[in-house]
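Engineer: Below is a structure I'd like to ask you about.
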Amino acid sequence: MLEMLNQNPFFSGGLSLMVVGSAAALLRHLPAQIWSFLQRRFSITIEIPDRDPAFRWLQVWLASQPYAHRARDLSLATTWVPVDADSETAVVFDPDEGGSKSGASRVKFLLSPAPGTHWMVYQNRLVVLNRSRRDLQNGNARTFQETLSLQVLGGSRGLIEQLLGDAQQLACPRVPGVSILTTRYESWETTSWQPRRPLRSLVLADGVFEDVLEDLREFYGSRTWYTERGVPYRRGYLLHGPPGNGKTTLVLAAAGELNLSVAVLSLSNRLLSDDALRTLVDALPPATVLLIEDVDCVFKTERTTTDQTGVTLSGLLNALDGVSSREGRILFLTTNHPERLDAALVRPGRVDKKIELGNATRSQAKRLYGWFYQGCGLTDARLDELAERFAAQVPEGKVCMAAVQEHLLRHRGAPEAAAHEVDFGDVAPALSSNGKPTAALVEASA
């Protein structure tokens, strides 16, 4: 039987074709299978979503690579470089944060590889970049979400970490500062950066900032204490007082001193729901302070949604300290009118410390004057004399610190004029001929 089949030309020819076809099919898929094996065995891949701070670092790094100078398909990111920056890559992505010490900045266009697959080399290793983009829509708003995928052939975790470190060193400013995070749909993204401010430039009432800083340090060192006693490991602060007295500035200064980021959450968004708010609070990155500004403007006395927000008060309360609330969270609430807030929002356990930042005192005015005009060529005695004269003309508790600072800015570089040409409108006190407040003012201040 087999002999007959072998002698049959149709059978033997068909068998040969089948063998050749099977071999061809195997050979056709063999390169892909070998490549897939090599990828799994000898490469490492990392995925970076656009909401992660490393995404922007990699944008700067990719724009600096030789491949980006040869590529024909490019993606644009407009950035700003301070004129006194120590590097061309010390860029910021927010024009409001692009100022230098002289207040000037210039535009720098970052041209990095566009969405698609790109091949480049890093430390003699082949790197495959896959940049993808998908459209998102939320209500009437439309945007997109990007993801970078880096595959390093012959690489390791150490090499990936080194690449990310190089990107961070290339993109980030060379001085310490605070990263500002804002919301993008239901995730956080770093949108700006602020340099750490000198603590002497923060002129608050005596001991206020030091007390907040000490309390924060004690909290961060007490996780075990909270856990052992079954106390929720969270801390809340309410900063209240007239506008222009440094509530937000205090938060940024404290974050800079403790190497924390600040996540700014705006509740004035009709598209923000209770579920989205809970997702955002639960997704707060580590070492990040949550800041909700002007909370009185959103809820006032209502417990339901309003024209300003789609979040209910109960939704906010559950997000801040509900069952799913994360441990270790620091919350700062700011308001100009604490009396308008619902008692449930500021009860103990949600707000642990209430700190009033009132209008300027003469002590604050004197310290701010001394800070502004130090190094202006005046002797210490003359600087102190002018500071005393200036402070005597600041009505105690009547003008905000922003107004005092604005006056000094108008006379920047002219300390004599700043001390003699003081005008805060109808609330400014009159001086006697010896530069002291008049008797009527002293009686009114007593």
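Lettering and numbering for the structure tokens are positional, with chains as A, B, ... in the shown order, residues counted from 1 in each chain, and ligands counted from 1 in the shown order.
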Write out as a list in words which residues come within 6 Å of stretch 216-233 of chain A when counting only C-alpha atoms, dropping same-chain ones fewer than 2 positions away.

Structural biologist: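 Close residues of stretch 216-233 of chain A: Leu213, Glu214, Glu327 and Gly328 of chain A.
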
Engineer: Taking the backbone alone, and naming residues the way the document does, which bits of stretch 163-341 of chain A are helix (DSSP H, G or I) by DSSP, as an MDAnalysis selection string?

Structural biologist: chainID A and resid 163:171 199:201 208:220 223:228 247:257 274:282 295:297 313:321 338:340

Engineer: Select, from A:Ile48, A:Val289, A:Ala402, A:Ala418, the residue with the minimum atom-to-atom distance to A:Leu265, counting only C-alpha atoms.

Structural biologist: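 For A:Leu265, the nearest of the given residues is A:Val289.
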
Engineer: Between A:Val60, A:Leu163, A:Leu250, A:Ala319, which has the minimum distance to A:Leu199 (counting only C-alpha atoms)?

Structural biologist: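 Between A:Val60, A:Leu163, A:Leu250, A:Ala319, the residue approaching A:Leu199 most closely is A:Leu250.
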
Engineer: Write out as an MDAnalysis selection string which residues come within 12 Å of A:Glu339 when counting only C-alpha atoms, dropping same-chain ones fewer than 4 positions away.

Structural biologist: chainID A and resid 240:241 295:297 300:301 335 343 345:346

Engineer: Counting only C-alpha atoms, which residues in stretch 138-220 of chain A sit no more than 12 Å from stretch 63-81 of chain A? For each one, give the nearest pair of atoms and the distance in Å, sorted by chain then residue number, as a Markdown table.

Structural biologist:
```
| residue | atom | partner | partner_atom | distance |
| --- | --- | --- | --- | --- |
| A:Glu146 | CA | A:Ser75 | CA | 11.5 |
| A:Asp166 | CA | A:Ser64 | CA | 11.4 |
| A:Ala167 | CA | A:Ser64 | CA | 9.8 |
| A:Leu170 | CA | A:Ser64 | CA | 9.2 |
| A:Ala171 | CA | A:Ser64 | CA | 10.2 |
| A:Cys172 | CA | A:Val81 | CA | 11.5 |
| A:Pro173 | CA | A:Val81 | CA | 10.2 |
| A:Thr191 | CA | A:Thr79 | CA | 11.4 |
| A:Ser192 | CA | A:Thr79 | CA | 10.9 |
| A:Trp193 | CA | A:Trp80 | CA | 12.0 |
```

Engineer: Output N, CA and C atoms of each residue in that selection to a file, as a PDB file, in the first residue's frame.

Structural biologist:
```pdb
ATOM      1  N   GLU A 146      -1.095  60.626  27.240  1.00  0.00           N
ATOM      2  CA  GLU A 146       0.085  60.056  26.582  1.00  0.00           C
ATOM      3  C   GLU A 146       0.807  59.096  27.509  1.00  0.00           C
ATOM      4  N   ASP A 166      19.407  60.460  35.008  1.00  0.00           N
ATOM      5  CA  ASP A 166      19.987  61.405  34.052  1.00  0.00           C
ATOM      6  C   ASP A 166      18.926  62.384  33.548  1.00  0.00           C
ATOM      7  N   ALA A 167      17.719  61.865  33.290  1.00  0.00           N
ATOM      8  CA  ALA A 167      16.637  62.735  32.816  1.00  0.00           C
ATOM      9  C   ALA A 167      16.245  63.753  33.870  1.00  0.00           C
ATOM     10  N   LEU A 170      18.917  66.401  34.211  1.00  0.00           N
ATOM     11  CA  LEU A 170      18.934  67.280  33.056  1.00  0.00           C
ATOM     12  C   LEU A 170      17.778  68.275  33.090  1.00  0.00           C
ATOM     13  N   ALA A 171      16.610  67.822  33.544  1.00  0.00           N
ATOM     14  CA  ALA A 171      15.402  68.645  33.429  1.00  0.00           C
ATOM     15  C   ALA A 171      15.126  69.511  34.639  1.00  0.00           C
ATOM     16  N   CYS A 172      15.508  69.059  35.820  1.00  0.00           N
ATOM     17  CA  CYS A 172      15.098  69.765  37.028  1.00  0.00           C
ATOM     18  C   CYS A 172      16.023  70.935  37.325  1.00  0.00           C
ATOM     19  N   PRO A 173      15.490  71.981  37.965  1.00  0.00           N
ATOM     20  CA  PRO A 173      16.330  73.111  38.373  1.00  0.00           C
ATOM     21  C   PRO A 173      17.416  72.658  39.332  1.00  0.00           C
ATOM     22  N   THR A 191       2.583  70.452  37.467  1.00  0.00           N
ATOM     23  CA  THR A 191       2.392  71.507  36.476  1.00  0.00           C
ATOM     24  C   THR A 191       3.358  72.674  36.645  1.00  0.00           C
ATOM     25  N   SER A 192       3.970  72.806  37.810  1.00  0.00           N
ATOM     26  CA  SER A 192       4.911  73.914  37.991  1.00  0.00           C
ATOM     27  C   SER A 192       5.858  73.597  39.134  1.00  0.00           C
ATOM     28  N   TRP A 193       6.809  74.458  39.291  1.00  0.00           N
ATOM     29  CA  TRP A 193       7.849  74.298  40.314  1.00  0.00           C
ATOM     30  C   TRP A 193       8.197  75.667  40.856  1.00  0.00           C
TER      31      TRP A 193
END
```

Engineer: Assign secondary structure with DSSP using the backbone only, and return the residues of stretch 242-324 of chain A in strand (DSSP E) as an NGL selection string.

Structural biologist: :A and (261-264 or 288-292)

Engineer: Kindly export the residues of the current selection with all heavy atoms, as a compact mmCIF listing (two decimals), in the first residue's frame.

Structural biologist:
```txt
# COMPACT_ATOMS: atom_id res chain seq x y z
N SER A 261 5.96 68.00 48.28
CA SER A 261 5.24 68.60 47.17
C SER A 261 3.90 69.12 47.68
O SER A 261 3.45 68.74 48.76
CB SER A 261 5.03 67.58 46.05
OG SER A 261 6.26 67.11 45.56
N VAL A 262 3.27 69.99 46.88
CA VAL A 262 1.97 70.55 47.25
C VAL A 262 0.98 70.24 46.14
O VAL A 262 1.19 70.61 44.98
CB VAL A 262 2.04 72.07 47.48
CG1 VAL A 262 0.66 72.64 47.75
CG2 VAL A 262 2.98 72.39 48.63
N ALA A 263 -0.10 69.53 46.50
CA ALA A 263 -1.17 69.22 45.56
C ALA A 263 -2.31 70.21 45.80
O ALA A 263 -2.92 70.21 46.88
CB ALA A 263 -1.66 67.79 45.74
N VAL A 264 -2.59 71.05 44.81
CA VAL A 264 -3.62 72.09 44.94
C VAL A 264 -4.92 71.54 44.35
O VAL A 264 -4.98 71.22 43.15
CB VAL A 264 -3.20 73.38 44.21
CG1 VAL A 264 -4.26 74.46 44.40
CG2 VAL A 264 -1.85 73.87 44.73
N THR A 288 3.39 64.44 49.91
CA THR A 288 2.66 65.52 49.26
C THR A 288 1.61 66.08 50.20
O THR A 288 0.86 65.32 50.83
CB THR A 288 1.97 65.03 47.97
OG1 THR A 288 2.96 64.51 47.08
CG2 THR A 288 1.24 66.17 47.27
N VAL A 289 1.57 67.40 50.31
CA VAL A 289 0.59 68.11 51.13
C VAL A 289 -0.63 68.43 50.25
O VAL A 289 -0.48 68.86 49.11
CB VAL A 289 1.19 69.41 51.69
CG1 VAL A 289 0.13 70.28 52.32
CG2 VAL A 289 2.28 69.08 52.70
N LEU A 290 -1.83 68.21 50.79
CA LEU A 290 -3.06 68.56 50.08
C LEU A 290 -3.51 69.95 50.51
O LEU A 290 -3.72 70.19 51.70
CB LEU A 290 -4.15 67.53 50.36
CG LEU A 290 -5.51 67.78 49.71
CD1 LEU A 290 -5.39 67.79 48.19
CD2 LEU A 290 -6.54 66.75 50.16
N LEU A 291 -3.66 70.85 49.55
CA LEU A 291 -4.07 72.23 49.83
C LEU A 291 -5.40 72.51 49.13
O LEU A 291 -5.51 72.39 47.91
CB LEU A 291 -2.99 73.20 49.33
CG LEU A 291 -3.34 74.69 49.36
CD1 LEU A 291 -3.63 75.17 50.78
CD2 LEU A 291 -2.23 75.53 48.72
N ILE A 292 -6.41 72.90 49.92
CA ILE A 292 -7.71 73.33 49.39
C ILE A 292 -7.90 74.78 49.79
O ILE A 292 -8.06 75.08 50.98
CB ILE A 292 -8.86 72.45 49.91
CG1 ILE A 292 -8.59 70.98 49.60
CG2 ILE A 292 -10.18 72.90 49.30
CD1 ILE A 292 -9.66 70.04 50.13
```

Engineer: Tell me, in Å to one decimal, how far atom CA of A:Ile46 is from atom CA of A:Leu150.

Structural biologist: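 Separation of atom CA of A:Ile46 and atom CA of A:Leu150: 5.3 Å.
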